[in-house]
$ cat upload-v2.cif   # mmCIF, C-alpha atoms
data_model
#
loop_
_atom_site.label_atom_id
_atom_site.label_comp_id
_atom_site.auth_asym_id
_atom_site.auth_seq_id
_atom_site.Cartn_x
_atom_site.Cartn_y
_atom_site.Cartn_z
CA MET A 1 142.50 65.40 35.76
CA VAL A 2 145.53 67.66 36.13
CA GLU A 3 145.60 66.90 39.86
CA ASP A 4 145.49 63.18 39.06
CA ARG A 5 148.41 63.56 36.73
CA GLU A 6 150.31 65.61 39.34
CA ALA A 7 149.66 63.00 42.02
CA ARG A 8 150.64 60.17 39.66
CA MET A 9 153.85 61.94 38.68
CA GLN A 10 154.68 62.75 42.30
CA ALA A 11 154.28 59.08 43.21
CA ALA A 12 156.33 58.02 40.17
CA LEU A 13 159.07 60.48 41.11
CA GLU A 14 159.25 59.19 44.67
CA LYS A 15 159.36 55.57 43.54
CA ALA A 16 161.89 56.27 40.80
CA ALA A 17 164.13 58.08 43.28
CA ARG A 18 164.03 54.90 45.42
CA GLY A 19 165.21 52.88 42.40
CA ASP A 20 161.92 51.73 40.84
CA HIS A 21 162.84 51.66 37.15
CA LEU A 22 159.25 51.10 36.01
CA SER A 23 158.28 54.41 37.57
CA PHE A 24 161.16 56.03 35.75
CA ALA A 25 159.85 54.54 32.49
CA GLU A 26 156.50 56.15 33.30
CA ILE A 27 158.23 59.52 33.73
CA VAL A 28 159.97 59.08 30.37
CA GLU A 29 156.65 58.17 28.70
CA GLU A 30 155.01 61.27 30.15
CA HIS A 31 157.68 63.77 29.14
CA GLN A 32 159.25 62.32 26.00
CA ARG A 33 157.10 64.37 23.58
CA MET A 34 158.02 67.63 25.27
CA VAL A 35 161.77 66.95 25.36
CA PHE A 36 161.90 65.43 21.88
CA SER A 37 159.82 68.23 20.33
CA ILE A 38 162.00 71.01 21.72
CA ALA A 39 165.07 69.19 20.39
CA TRP A 40 163.44 68.40 17.03
CA HIS A 41 162.20 71.93 16.37
CA PHE A 42 165.56 73.29 17.39
CA LEU A 43 167.87 70.86 15.56
CA ARG A 44 165.52 69.85 12.71
CA ASN A 45 167.13 66.42 12.65
CA ARG A 46 165.08 63.51 13.98
CA ALA A 47 167.99 61.18 14.78
CA LEU A 48 169.97 63.91 16.54
CA ALA A 49 166.89 65.06 18.45
CA GLU A 50 166.11 61.52 19.64
CA ASP A 51 169.68 60.92 20.69
CA LEU A 52 169.82 64.19 22.59
CA ALA A 53 166.45 63.52 24.23
CA GLN A 54 167.70 60.11 25.39
CA GLU A 55 170.84 61.64 26.86
CA ILE A 56 168.70 64.19 28.70
CA PHE A 57 166.65 61.38 30.27
CA LEU A 58 169.87 59.57 31.26
CA GLN A 59 171.01 62.80 32.90
CA LEU A 60 167.65 62.98 34.66
CA TYR A 61 168.09 59.40 35.90
CA GLN A 62 171.39 60.38 37.49
CA ASN A 63 169.85 63.48 39.09
CA LEU A 64 166.53 62.05 40.23
CA SER A 65 167.26 62.64 43.91
CA SER A 66 167.45 66.40 43.32
CA ILE A 67 163.99 66.60 41.73
CA GLN A 68 161.40 67.64 44.29
CA SER A 69 158.07 67.82 42.43
CA PRO A 70 156.44 67.26 39.02
CA ALA A 71 156.60 71.02 38.34
CA HIS A 72 160.28 71.02 39.21
CA LEU A 73 160.76 68.02 36.93
CA THR A 74 159.14 69.80 33.96
CA HIS A 75 161.16 72.94 34.63
CA TRP A 76 164.38 70.90 34.95
CA LEU A 77 163.72 69.03 31.71
CA ARG A 78 162.94 72.22 29.76
CA ARG A 79 166.01 74.00 31.11
CA VAL A 80 168.39 71.11 30.45
CA THR A 81 166.90 70.49 27.00
CA ALA A 82 167.20 74.16 26.05
CA HIS A 83 170.83 74.39 27.12
CA ARG A 84 171.81 71.02 25.65
CA CYS A 85 170.19 71.96 22.31
CA ILE A 86 172.10 75.24 22.16
CA ASP A 87 175.37 73.46 23.06
CA GLN A 88 174.71 70.75 20.47
CA SER A 89 173.94 73.30 17.79
CA ARG A 90 177.17 75.19 18.53
CA ARG A 91 179.17 71.99 18.32
CA LEU A 92 177.61 70.89 15.06
CA LYS A 93 177.83 73.92 12.85
CA PRO A 94 177.88 77.69 12.77
CA ASP A 95 174.55 79.50 12.51
CA VAL A 96 172.91 79.28 9.13
CA ALA A 97 171.78 82.64 7.89
CA LEU A 98 168.09 82.89 7.12
CA GLU A 99 168.79 83.43 3.46
CA GLU A 100 170.90 80.28 3.23
CA VAL A 101 168.18 77.87 4.29
CA PRO A 102 167.29 75.62 1.35
CA GLU A 103 163.79 76.02 0.10
CA PRO A 104 161.66 72.98 0.93
CA ALA A 105 160.05 70.96 -1.80
CA THR A 106 156.73 72.63 -2.56
CA ARG A 107 153.93 70.23 -1.69
CA VAL A 108 151.10 72.68 -2.06
CA GLN A 109 147.81 70.90 -1.50
CA MET A 110 146.46 73.18 1.24
CA PRO A 111 147.72 76.57 2.30
CA ASP A 112 148.24 75.71 5.98
CA PRO A 113 150.70 72.82 5.64
CA LEU A 114 152.79 74.98 3.36
CA LEU A 115 152.69 77.89 5.80
CA HIS A 116 153.56 75.62 8.71
CA GLN A 117 156.42 74.01 6.85
CA GLN A 118 157.78 77.42 5.90
CA LEU A 119 157.38 78.60 9.47
CA ARG A 120 159.28 75.60 10.85
CA ASP A 121 162.09 76.08 8.35
CA SER A 122 162.31 79.76 9.11
CA VAL A 123 162.33 79.14 12.87
CA ALA A 124 165.12 76.59 12.36
CA ALA A 125 167.18 79.28 10.64
CA LEU A 126 166.91 81.81 13.47
CA PRO A 127 169.96 82.40 15.69
CA GLU A 128 170.19 79.89 18.55
CA LYS A 129 168.83 81.97 21.42
CA TRP A 130 166.01 83.45 19.34
CA ARG A 131 165.13 80.00 18.03
CA MET A 132 164.89 78.60 21.54
CA MET A 133 162.83 81.59 22.71
CA VAL A 134 160.32 81.02 19.89
CA ILE A 135 160.12 77.28 20.59
CA LEU A 136 159.63 77.77 24.33
CA ARG A 137 157.05 80.50 23.71
CA TYR A 138 154.98 78.81 21.00
CA GLN A 139 155.56 75.09 21.54
CA GLU A 140 155.65 75.08 25.33
CA GLY A 141 153.49 78.16 25.89
CA LEU A 142 155.85 79.69 28.45
CA ASP A 143 155.57 83.35 29.39
CA LEU A 144 158.45 85.76 28.95
CA ALA A 145 159.56 85.62 32.59
CA GLU A 146 159.74 81.81 32.48
CA ILE A 147 161.79 81.91 29.27
CA SER A 148 164.08 84.50 30.83
CA GLU A 149 164.64 82.31 33.88
CA LEU A 150 165.07 79.13 31.86
CA LEU A 151 167.62 80.56 29.43
CA GLU A 152 169.25 82.72 32.11
CA ILE A 153 168.97 85.90 30.09
CA PRO A 154 167.36 89.25 31.04
CA LEU A 155 163.64 89.70 30.53
CA ASN A 156 164.12 92.65 28.18
CA THR A 157 166.43 90.60 26.01
CA VAL A 158 163.73 87.94 25.75
CA LYS A 159 161.12 90.56 24.80
CA SER A 160 163.27 92.15 22.12
CA GLY A 161 164.52 88.76 20.93
CA LEU A 162 160.98 87.48 20.40
CA GLN A 163 159.88 90.68 18.64
CA ARG A 164 162.85 90.58 16.31
CA SER A 165 162.34 86.85 15.69
CA LEU A 166 158.73 87.43 14.65
CA LEU A 167 159.72 90.32 12.37
CA GLU A 168 162.38 88.15 10.79
CA LEU A 169 159.93 85.28 10.29
CA ARG A 170 157.39 87.61 8.65
CA ARG A 171 159.99 89.14 6.36
CA LYS A 172 161.27 85.74 5.27
CA LEU A 173 157.81 84.22 4.82
CA THR A 174 156.59 87.12 2.73
CA ARG A 175 159.43 86.57 0.33
CA ARG A 176 159.21 82.77 0.25
CA LEU A 177 155.46 82.39 -0.12
CA GLY A 178 155.39 85.19 -2.65
CA GLU A 179 157.89 83.23 -4.72
CA VAL A 180 155.86 80.01 -4.41
CA ARG A 181 152.62 81.74 -5.47
CA TYR A 182 154.38 83.33 -8.40
CA ALA A 183 155.65 79.90 -9.46
CA LEU A 184 152.18 78.34 -9.18
CA PHE A 185 150.08 80.96 -10.92
CA MET B 186 153.06 87.75 4.82
CA HIS B 187 150.85 87.66 7.88
CA PHE B 188 150.70 84.70 10.20
CA SER B 189 149.05 84.47 13.56
CA ASP B 190 150.30 83.17 16.89
CA ASP B 191 148.07 80.14 16.32
CA ASP B 192 149.85 79.41 13.03
CA LEU B 193 153.15 79.46 14.85
CA ARG B 194 151.76 77.23 17.61
CA SER B 195 150.46 74.75 15.05
CA ALA B 196 153.74 74.78 13.17
CA LEU B 197 155.64 74.14 16.40
CA GLU B 198 153.24 71.62 17.89
CA ARG B 199 154.72 68.74 19.84
CA LYS B 200 156.01 65.76 17.87
CA THR B 201 156.08 62.15 18.90
CA PRO B 202 159.41 60.33 19.02
CA SER B 203 159.78 56.79 17.69
CA GLU B 204 157.67 54.11 19.39
CA ASP B 205 160.58 52.41 21.10
CA PHE B 206 161.94 55.65 22.57
CA THR B 207 161.27 54.71 26.20
CA GLN B 208 162.60 51.18 25.65
CA ARG B 209 165.81 52.58 24.25
CA VAL B 210 166.22 54.98 27.17
CA MET B 211 165.65 52.12 29.63
CA ALA B 212 168.07 49.92 27.69
CA ARG B 213 170.72 52.61 28.00
CA ILE B 214 170.06 52.72 31.72
CA GLY B 215 170.17 48.95 31.78
CA LYS B 216 166.69 48.30 33.12
CA PRO B 217 163.62 46.65 31.58
CA GLN B 218 160.68 48.93 30.81
CA THR B 219 157.58 46.87 31.53
CA ARG B 220 156.48 44.30 34.09
CA GLU B 221 156.56 41.67 31.31
CA GLN B 222 160.16 42.53 30.45
CA GLU B 223 161.00 42.58 34.13
CA LYS B 224 159.54 39.08 34.48
CA ARG B 225 161.57 37.87 31.52
CA ALA B 226 164.71 39.57 32.80
CA GLY B 227 164.20 38.03 36.23
CA PHE B 228 163.82 34.47 34.96
CA SER B 229 166.57 32.81 36.94
CA ILE B 230 167.07 30.67 40.01
CA PHE B 231 166.95 33.86 42.10
CA ARG B 232 163.55 34.90 40.74
CA TRP B 233 161.85 33.81 43.98
CA TRP B 234 164.35 35.68 46.10
CA LYS B 235 162.88 38.29 48.46
CA PRO B 236 164.58 40.63 50.96
CA GLN B 237 162.80 39.15 53.99
CA TRP B 238 164.08 35.72 52.94
CA ALA B 239 167.57 37.11 52.89
CA ALA B 240 167.10 38.37 56.45
CA ALA B 241 165.79 34.97 57.56
CA ALA B 242 168.69 33.20 55.85
CA ALA B 243 171.18 35.55 57.53
CA LEU B 244 169.56 34.88 60.95
CA ALA B 245 169.67 31.12 60.37
CA ALA B 246 173.32 31.34 59.34
CA CYS B 247 174.11 33.31 62.53
CA LEU B 248 172.34 30.70 64.71
CA LEU B 249 174.17 27.88 62.96
CA LEU B 250 177.46 29.66 63.47
CA ALA B 251 176.75 30.20 67.19
CA LEU B 252 175.74 26.54 67.71
CA SER B 253 178.85 25.36 65.86
CA TRP B 254 181.01 27.60 68.03
CA ILE B 255 179.47 26.19 71.24
CA GLN B 256 179.92 22.62 69.99
CA TYR B 257 183.53 23.34 69.08
CA GLN B 258 184.20 24.84 72.52
CA ARG B 259 182.72 21.74 74.21
CA TYR B 260 184.83 19.43 72.05
CA GLN B 261 187.95 21.44 72.89
CA GLN B 262 187.18 21.20 76.64
CA ARG B 263 186.66 17.42 76.36
CA ILE B 264 190.00 17.00 74.58
CA GLU B 265 191.74 19.15 77.22
CA ALA B 266 190.16 17.10 80.04
CA GLN B 267 191.29 13.81 78.43
CA ASN B 268 194.82 15.17 78.03
CA ALA B 269 194.87 16.32 81.64
CA ARG B 270 193.67 12.87 82.81
CA LYS B 271 196.38 11.16 80.75
CA GLN B 272 199.00 13.46 82.23
CA VAL B 273 197.78 12.75 85.77
CA VAL B 274 197.89 8.97 85.10
CA LEU B 275 201.37 9.27 83.66
CA ALA B 276 202.52 11.35 86.63
CA LEU B 277 201.07 8.78 89.06
CA ARG B 278 202.77 5.97 87.17
CA ILE B 279 206.13 7.73 87.28
CA THR B 280 205.68 8.50 90.99
CA SER B 281 204.74 4.89 91.68
CA GLU B 282 207.82 3.61 89.85
CA LYS B 283 210.03 6.08 91.73
CA VAL B 284 208.55 4.96 95.07
CA ASN B 285 208.98 1.27 94.12
CA GLY B 286 212.59 1.94 93.16
CA ALA B 287 213.23 3.71 96.46
CA LEU B 288 211.61 0.80 98.38
CA ARG B 289 213.71 -1.76 96.52
CA GLN B 290 216.79 0.32 97.26
CA ALA B 291 215.87 0.49 100.96
CA LEU B 292 215.24 -3.27 101.20
CA PHE B 293 218.53 -4.04 99.51
CA VAL B 294 220.45 -1.77 101.90
CA SER B 295 218.80 -3.31 104.98
CA LYS B 296 219.57 -6.87 103.76
CA THR B 297 223.23 -6.11 103.13
CA ASN B 298 223.60 -4.46 106.59
CA HIS B 299 222.25 -7.50 108.36
#

$ encode --input "upload-v2.cif" --output "structure tokens"
Amino acid sequence: MVEDREARMQAALEKAARGDHLSFAEIVEEHQRMVFSIAWHFLRNRALAEDLAQEIFLQLYQNLSSIQSPAHLTHWLRRVTAHRCIDQSRRLKPDVALEEVPEPATRVQMPDPLLHQQLRDSVAALPEKWRMMVILRYQEGLDLAEISELLEIPLNTVKSGLQRSLLELRRKLTRRLGEVRYALF
Amino acid sequence: MHFSDDDLRSALERKTPSEDFTQRVMARIGKPQTREQEKRAGFSIFRWWKPQWAAAAALAACLLLALSWIQYQRYQQRIEAQNARKQVVLALRITSEKVNGALRQALFVSKTNH
């Protein structure tokens, strides 16, 4: 199955590099969720995330000849998306401190959706590099060395950044969910 | 508050962009996305056009050009030959008149001497 996908993507890459736009559309279809999701979790703005994802695919279209394999393509897309997200975030606004994030409307039907919503909001409030580390680690399932290579930062910085991000998320969630429970009961 | 790695994975699971995402990317590139759209986009008098036909057309044009050139060369040679013939006839006529004049002159001189 994975080999099929690899072979299909390899063929699509070769055709797209020769100018076959339908093969390029296939590449976009295959990778749009990955690129869009990184951008969405990072920016927390659907319109901005879609726009950025589209620009990344346009950039890919212009650089197709430099892409050698499906694995290289995925790596390229993750790297460009990560850097473009950080650039975009810097252009848009200064970092929002964790305490300044507005509390979401409490739609407490089940505990998990609430927890997930709180987690997403708290991740969105992390500093840029930490935020991207968490997204690449937990959305994309990358290991620390891959994150280090992708973001071009030392491995130890990634390790400490992830540890501190998780501590920060726990601290914030404890306070937030405690407040929600207090309000409900 | 405790949360597991799985909670974080679920919270950060992949999202789906809007349905027309690929179409909009392809529109920004300027290309249709599907075979259907390609068919619609290619609905013109050149729809039937294929590269091998272009090669055949180019070859035919070259042949036509070569034949035209040969025909033109032949026409030019014929014109030059006609002009040369006319010039020869003219030269002969002039020579003949000169000779006639000289003969008349000679006859006149001989008559007046006798």

$ residues_near_point --input "upload-v2.cif" --point "(159.6, 67.0, 23.7)" --cutoff "10 Å" --atoms "all atoms listed in the file" --output "mmCIF file with C-alpha atoms, in the frame of the given file"
data_model
loop_
_atom_site.group_PDB
_atom_site.id
_atom_site.type_symbol
_atom_site.label_atom_id
_atom_site.label_comp_id
_atom_site.auth_asym_id
_atom_site.auth_seq_id
_atom_site.Cartn_x
_atom_site.Cartn_y
_atom_site.Cartn_z
ATOM 1 C CA GLU A 30 155.010 61.270 30.150
ATOM 2 C CA HIS A 31 157.680 63.770 29.140
ATOM 3 C CA GLN A 32 159.250 62.320 26.000
ATOM 4 C CA ARG A 33 157.100 64.370 23.580
ATOM 5 C CA MET A 34 158.020 67.630 25.270
ATOM 6 C CA VAL A 35 161.770 66.950 25.360
ATOM 7 C CA PHE A 36 161.900 65.430 21.880
ATOM 8 C CA SER A 37 159.820 68.230 20.330
ATOM 9 C CA ILE A 38 162.000 71.010 21.720
ATOM 10 C CA ALA A 39 165.070 69.190 20.390
ATOM 11 C CA TRP A 40 163.440 68.400 17.030
ATOM 12 C CA HIS A 41 162.200 71.930 16.370
ATOM 13 C CA ALA A 49 166.890 65.060 18.450
ATOM 14 C CA GLU A 50 166.110 61.520 19.640
ATOM 15 C CA ALA A 53 166.450 63.520 24.230
ATOM 16 C CA LEU A 77 163.720 69.030 31.710
ATOM 17 C CA ARG A 78 162.940 72.220 29.760
ATOM 18 C CA THR A 81 166.900 70.490 27.000
ATOM 19 C CA GLN A 139 155.560 75.090 21.540
ATOM 20 C CA GLU A 140 155.650 75.080 25.330
ATOM 21 C CA GLU B 198 153.240 71.620 17.890
ATOM 22 C CA ARG B 199 154.720 68.740 19.840
ATOM 23 C CA LYS B 200 156.010 65.760 17.870
ATOM 24 C CA THR B 201 156.080 62.150 18.900
ATOM 25 C CA PRO B 202 159.410 60.330 19.020
#

$ residues_around --input "upload-v2.cif" --residues "A:Leu115" --least-positions-apart "6" --cutoff "9 Å" --atoms "all atoms listed in the file" --output "PyMOL selection string"
(chain A and resi 173+177) or (chain B and resi 188+192+196)

$ atom_distance --input "upload-v2.cif" --atom1 "atom CA of B:Lys235" --atom2 "atom CA of B:Met211"
23.5 Å

$ atom_distance --input "upload-v2.cif" --atom1 "atom CA of A:Ala145" --atom2 "atom CA of A:Gln117"
28.4 Å

$ atom_distance --input "upload-v2.cif" --atom1 "atom CA of A:Thr74" --atom2 "atom CA of A:Glu29"
13.0 Å

$ residues_near_point --input "upload-v2.cif" --point "(173.3, 74.5, 21.2)" --cutoff "12 Å" --atoms "all atoms listed in the file" --output "ChimeraX atom specification"
/A:38-39,42-43,49,52,80-95,127-132,151

$ write_last_selection --input "upload-v2.cif" --atoms "C-alpha atoms" --output "mmCIF file, in the frame of the given file"
data_model
loop_
_atom_site.group_PDB
_atom_site.id
_atom_site.type_symbol
_atom_site.label_atom_id
_atom_site.label_comp_id
_atom_site.auth_asym_id
_atom_site.auth_seq_id
_atom_site.Cartn_x
_atom_site.Cartn_y
_atom_site.Cartn_z
ATOM 1 C CA ILE A 38 162.000 71.010 21.720
ATOM 2 C CA ALA A 39 165.070 69.190 20.390
ATOM 3 C CA PHE A 42 165.560 73.290 17.390
ATOM 4 C CA LEU A 43 167.870 70.860 15.560
ATOM 5 C CA ALA A 49 166.890 65.060 18.450
ATOM 6 C CA LEU A 52 169.820 64.190 22.590
ATOM 7 C CA VAL A 80 168.390 71.110 30.450
ATOM 8 C CA THR A 81 166.900 70.490 27.000
ATOM 9 C CA ALA A 82 167.200 74.160 26.050
ATOM 10 C CA HIS A 83 170.830 74.390 27.120
ATOM 11 C CA ARG A 84 171.810 71.020 25.650
ATOM 12 C CA CYS A 85 170.190 71.960 22.310
ATOM 13 C CA ILE A 86 172.100 75.240 22.160
ATOM 14 C CA ASP A 87 175.370 73.460 23.060
ATOM 15 C CA GLN A 88 174.710 70.750 20.470
ATOM 16 C CA SER A 89 173.940 73.300 17.790
ATOM 17 C CA ARG A 90 177.170 75.190 18.530
ATOM 18 C CA ARG A 91 179.170 71.990 18.320
ATOM 19 C CA LEU A 92 177.610 70.890 15.060
ATOM 20 C CA LYS A 93 177.830 73.920 12.850
ATOM 21 C CA PRO A 94 177.880 77.690 12.770
ATOM 22 C CA ASP A 95 174.550 79.500 12.510
ATOM 23 C CA PRO A 127 169.960 82.400 15.690
ATOM 24 C CA GLU A 128 170.190 79.890 18.550
ATOM 25 C CA LYS A 129 168.830 81.970 21.420
ATOM 26 C CA TRP A 130 166.010 83.450 19.340
ATOM 27 C CA ARG A 131 165.130 80.000 18.030
ATOM 28 C CA MET A 132 164.890 78.600 21.540
ATOM 29 C CA LEU A 151 167.620 80.560 29.430
#
